[in-house]
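A quick write-up on the structure given underneath.
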There are 2 protein chains.
Amino acid sequence: MPPKPAEPDLDLIIESMIFLYSESRRVTRAVAEQYGLTGSQLLVLKMLEPRGQLSLSELSSRIRAKNSTVTGIIDRMERDGLVVRRRSGEDRRVVHIELTTKGKKLANDAEADPKQLYRALLEELSPRDAGELERIMTKLVSHVRAHLQERGIAEESA
Amino acid sequence: MPPKPAEPDLDLIIESMIFLYSESRRVTRAVAEQYGLTGSQLLVLKMLEPRGQLSLSELSSRIRAKNSTVTGIIDRMERDGLVVRRRSGEDRRVVHIELTTKGKKLANDAEADPKQLYRALLEELSPRDAGELERIMTKLVSHVRAHLQERGIAEESA
DNA sequence: GGCGGATACTTAGCACGCTAAAGGTTTGCC
DNA sequence: GGCAAACCTTTAGCGTGCTAAGTATCCGCC
């Protein structure tokens with residue numbers, strides 16, 4: 001093993017990514033639990049907080065899940081009195097999701113929105129490292145997009 | 001927007017990570033589907049392939065899931081004739097999971113193990129970029145570990 | 001006006017992921 | 001020997017993710 005490896009350890013990068021991702025989920029879960037919420041529920045509250053209301057589809061695309069998944073999440077949140085569904089007057093297919101008073105209070109109390117956890121972590125990096133990381137991650141993303149295009153695997157609106 | 005940002009865009013990094021992770025899951029899923037498997041099932045086959053057999057607990061820790069989760073996965077794989085459970089003779093609490101002939105054949109046919117997908121992607125980076133990425137990711141991981149220790153959140157055997 | 005295709009959401013059914021609790025086994029200690 | 005603690009696995013119950021199919025509504029075009 002040379003001290004400065006000529007060959008970067010790709011598996012180490014992979015494991016690091018998996019570690020970061022799974023830990024972040026674990027921490028998010030733990031934070032949400034303090035407020036009697038699940039991770040997804042906290043995420044939805046945080047999405048709704050600044051905007052007041054969102055259609056179910058808008059919510060789905062923001063949290064990167066399918067409509068049918070979000071229907072279930074909203075069902076449980078409505079059952080627990082955190083949000084209400086309101087049919088749109090303009091387009092009666094659309095359902096707007098709104099925070100209740102209880103929902104607003106919880107959203108406000110839980111100051112840790114999931115992205116914040118990541119962000120705090122990244123802020124510990126030097127600006128140079130953060131810049132490098134941004135550059136490389138962007139490159140990886142564009143590689144993935146190129147592959148997807150190549151294989152004709154349609155990618156929904158990112 | 002300056003051309004070379006003085007301020008790295010942390011949210012962009014976060015979104016890139018989420019994108020990479022969720023895409024990799026999507027691709028793994030698609031690959032597994034070609035063999036009539038789910039992502040987890042393919043992972044289990046690949047774990048068992050070189051070793052012949054593993055106890056349920058060993059399997060759980062390798063795929064980073066709880067025993068109760070793996071019980072379900074193995075239930076379905078046994079139902080589909082991919083593996084069999086065999087009670088250990090040495091310690092009758094332990095259950096060994098073994099590949100059937102059908103399971104071995106599938107494990108052999110599906111040459112794409114999930115990590116390979118990531119690896120191919122990373123190999124497109126220049127060695128310099130890969131080296132930098134490794135360095136920064138390692139730093140991030142150690143920050144996370146430090147945080148976890150600090151908060152006394154016990155971390156199970158990584 | 002009305003028909004056909006898109007769009008928004010829900011439903012049904014499956015696979016995972018978790019925790020908590022229950023079952024059987026082993027181990028250690030008296 | 002026998003009891004208690006530790007250990008391995010399963011069961012039960014919930015939440016989240018997906019696809020496919022169903023319902024209601026909207027839009028465009030004849």
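Residue names in the structure tokens use chain letters A, B, ... in the order shown, residue numbers from 1 in each chain, and ligand numbers from 1 in the order shown.
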Residues of chain B near chain D: apply a cut-off of 12 Å, count only C-alpha atoms (C1' of nucleotides), and supply the list as a compact mmCIF listing (two decimals) with N, CA and C atoms, in the first residue's frame.
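Done, and the output landed in part_3.txt:
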# COMPACT_ATOMS: atom_id res chain seq x y z
N SER B 22 -30.42 7.46 -5.87
CA SER B 22 -31.73 6.96 -6.30
C SER B 22 -31.64 6.37 -7.71
N ARG B 25 -30.23 2.86 -7.47
CA ARG B 25 -31.24 1.91 -7.04
C ARG B 25 -32.15 1.53 -8.19
N ARG B 26 -32.49 2.54 -8.99
CA ARG B 26 -33.38 2.30 -10.11
C ARG B 26 -32.74 1.34 -11.12
N ARG B 29 -32.45 -2.20 -9.77
CA ARG B 29 -33.78 -2.79 -9.85
C ARG B 29 -34.06 -3.30 -11.27
N THR B 38 -35.73 -9.28 -7.48
CA THR B 38 -35.73 -7.92 -6.95
C THR B 38 -34.28 -7.55 -6.64
N SER B 55 -25.12 -17.81 7.55
CA SER B 55 -26.24 -17.77 8.49
C SER B 55 -27.06 -16.53 8.21
N LEU B 56 -28.28 -16.55 8.69
CA LEU B 56 -29.15 -15.41 8.46
C LEU B 56 -28.56 -14.12 9.04
N SER B 57 -27.97 -14.23 10.21
CA SER B 57 -27.38 -13.03 10.83
C SER B 57 -26.21 -12.49 10.02
N GLU B 58 -25.37 -13.40 9.52
CA GLU B 58 -24.25 -12.95 8.70
C GLU B 58 -24.76 -12.22 7.47
N SER B 60 -27.61 -10.69 7.16
CA SER B 60 -28.19 -9.41 7.57
C SER B 60 -27.11 -8.34 7.69
N LYS B 66 -31.89 -5.53 9.03
CA LYS B 66 -32.17 -6.23 10.26
C LYS B 66 -32.56 -7.68 9.97
N ASN B 67 -32.38 -8.53 10.97
CA ASN B 67 -32.73 -9.93 10.80
C ASN B 67 -34.18 -10.11 10.35
N SER B 68 -35.07 -9.34 10.95
CA SER B 68 -36.48 -9.52 10.62
C SER B 68 -36.74 -9.19 9.15
N THR B 69 -36.01 -8.25 8.61
CA THR B 69 -36.15 -7.91 7.20
C THR B 69 -35.68 -9.06 6.33
N VAL B 70 -34.53 -9.61 6.70
CA VAL B 70 -33.94 -10.67 5.89
C VAL B 70 -34.79 -11.94 5.96
N THR B 71 -35.39 -12.19 7.10
CA THR B 71 -36.31 -13.33 7.20
C THR B 71 -37.34 -13.27 6.07
N GLY B 72 -37.92 -12.10 5.85
CA GLY B 72 -38.91 -11.94 4.80
C GLY B 72 -38.34 -12.18 3.42
N ILE B 74 -35.73 -13.96 2.62
CA ILE B 74 -35.43 -15.38 2.46
C ILE B 74 -36.71 -16.20 2.31
N ASP B 75 -37.76 -15.83 3.03
CA ASP B 75 -39.06 -16.49 2.85
C ASP B 75 -39.45 -16.52 1.37
N ARG B 85 -33.31 -23.23 3.59
CA ARG B 85 -32.85 -23.05 4.97
C ARG B 85 -32.40 -24.40 5.48
N ARG B 87 -31.02 -25.96 9.22
CA ARG B 87 -30.70 -25.73 10.62
C ARG B 87 -29.28 -26.21 10.89
N SER B 88 -28.51 -25.41 11.60
CA SER B 88 -27.14 -25.81 11.91
C SER B 88 -27.15 -26.97 12.91
N ASP B 91 -25.06 -25.43 16.30
CA ASP B 91 -25.83 -24.53 17.15
C ASP B 91 -27.24 -24.46 16.57
N ARG B 92 -28.15 -25.11 17.26
CA ARG B 92 -29.46 -25.27 16.66
C ARG B 92 -30.30 -23.99 16.64
N ARG B 93 -29.74 -22.89 17.14
CA ARG B 93 -30.44 -21.62 16.97
C ARG B 93 -30.21 -21.06 15.57
N VAL B 94 -29.09 -21.48 14.98
CA VAL B 94 -28.64 -20.86 13.73
C VAL B 94 -29.27 -21.53 12.51
N VAL B 95 -29.63 -20.71 11.53
CA VAL B 95 -30.15 -21.21 10.26
C VAL B 95 -29.17 -20.85 9.15
N HIS B 96 -28.71 -21.85 8.42
CA HIS B 96 -27.85 -21.57 7.27
C HIS B 96 -28.70 -21.43 6.02
Would you mind listing, as JSON, numbers by chain, all residues of chain C that have at least one atom within 10 Å of chain A, where only C-alpha atoms (C1' of nucleotides) are what counts?
{"C": [7, 8, 9, 10, 11]}
Could you write those residues out with C-alpha atoms (C1' of nucleotides), as a PDB file, in the first residue's frame?
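File written: result-v9.pdb
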ATOM      1  C1'  DT C   7     -53.686  14.292 -16.825  1.00  0.00           C
ATOM      2  C1'  DA C   8     -54.553  13.968 -11.549  1.00  0.00           C
ATOM      3  C1'  DC C   9     -55.485  11.123  -8.151  1.00  0.00           C
ATOM      4  C1'  DT C  10     -56.789   6.700  -5.836  1.00  0.00           C
ATOM      5  C1'  DT C  11     -56.872   1.694  -5.190  1.00  0.00           C
TER       6       DT C  11
END
Wanna dump the chain A-chain B contacts at 7 Å for me, each residue with its shortest atom pair and the distance in Å to one decimal, counting only C-alpha atoms, ordered by chain and number, as CSV?
residue,atom,partner,partner_atom,distance
A:Pro8,CA,B:Gly131,CA,5.0
A:Leu10,CA,B:Arg119,CA,6.4
A:Ile13,CA,B:Glu134,CA,5.4
A:Ile14,CA,B:Tyr118,CA,6.9
A:Ser16,CA,B:Met137,CA,6.2
A:Leu20,CA,B:Val141,CA,6.6
A:Tyr118,CA,B:Ile14,CA,6.9
A:Arg119,CA,B:Leu10,CA,6.5
A:Leu122,CA,B:Leu10,CA,6.8
A:Pro127,CA,B:Pro8,CA,6.8
A:Asp129,CA,B:Ile136,CA,6.7
A:Ala130,CA,B:Pro8,CA,6.0
A:Gly131,CA,B:Pro8,CA,5.0
A:Leu133,CA,B:Leu133,CA,6.6
A:Glu134,CA,B:Ile13,CA,5.4
A:Ile136,CA,B:Asp129,CA,6.7
A:Met137,CA,B:Ser16,CA,6.1
A:Thr138,CA,B:Ser16,CA,6.7
A:Val141,CA,B:Ser16,CA,6.4
Export of prior selection with C-alpha atoms as a PDB file, in the first residue's frame:
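For reference, selection_28.pdb as written:
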ATOM      1  CA  PRO A   8      -7.854   5.568  -6.091  1.00  0.00           C
ATOM      2  CA  LEU A  10     -13.245   3.138  -5.957  1.00  0.00           C
ATOM      3  CA  ILE A  13     -15.875   5.860  -2.450  1.00  0.00           C
ATOM      4  CA  ILE A  14     -18.878   3.644  -3.002  1.00  0.00           C
ATOM      5  CA  SER A  16     -18.615   6.106   1.741  1.00  0.00           C
ATOM      6  CA  LEU A  20     -23.447   8.772   4.155  1.00  0.00           C
ATOM      7  CA  TYR A 118     -26.405  17.355   5.064  1.00  0.00           C
ATOM      8  CA  ARG A 119     -25.704  21.035   4.766  1.00  0.00           C
ATOM      9  CA  LEU A 122     -20.789  20.003   4.103  1.00  0.00           C
ATOM     10  CA  PRO A 127     -14.386  25.922   0.562  1.00  0.00           C
ATOM     11  CA  ASP A 129     -12.900  20.856  -0.919  1.00  0.00           C
ATOM     12  CA  ALA A 130     -16.546  21.789  -1.245  1.00  0.00           C
ATOM     13  CA  GLY A 131     -15.843  23.325  -4.627  1.00  0.00           C
ATOM     14  CA  LEU A 133     -16.732  17.988  -4.516  1.00  0.00           C
ATOM     15  CA  GLU A 134     -19.341  20.011  -6.350  1.00  0.00           C
ATOM     16  CA  ILE A 136     -16.824  16.090  -9.387  1.00  0.00           C
ATOM     17  CA  MET A 137     -20.365  15.269  -8.324  1.00  0.00           C
ATOM     18  CA  THR A 138     -21.725  17.369 -11.163  1.00  0.00           C
ATOM     19  CA  VAL A 141     -24.367  13.219 -12.565  1.00  0.00           C
TER      20      VAL A 141
END
Check range 19-151 of chain B with DSSP on the backbone and list each residue it calls strand (DSSP E), as a ChimeraX atom specification.
/B:53-55,83-87,95-99
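For Lys104 in chain B, the list of residues within 9 Å, based on only C-alpha atoms (C1' of nucleotides) and with local chain neighbours fewer than 5 positions off taken out, reads Leu45, Leu48, Glu49, Leu82, Val83, Leu99 and Asp109 of chain B.
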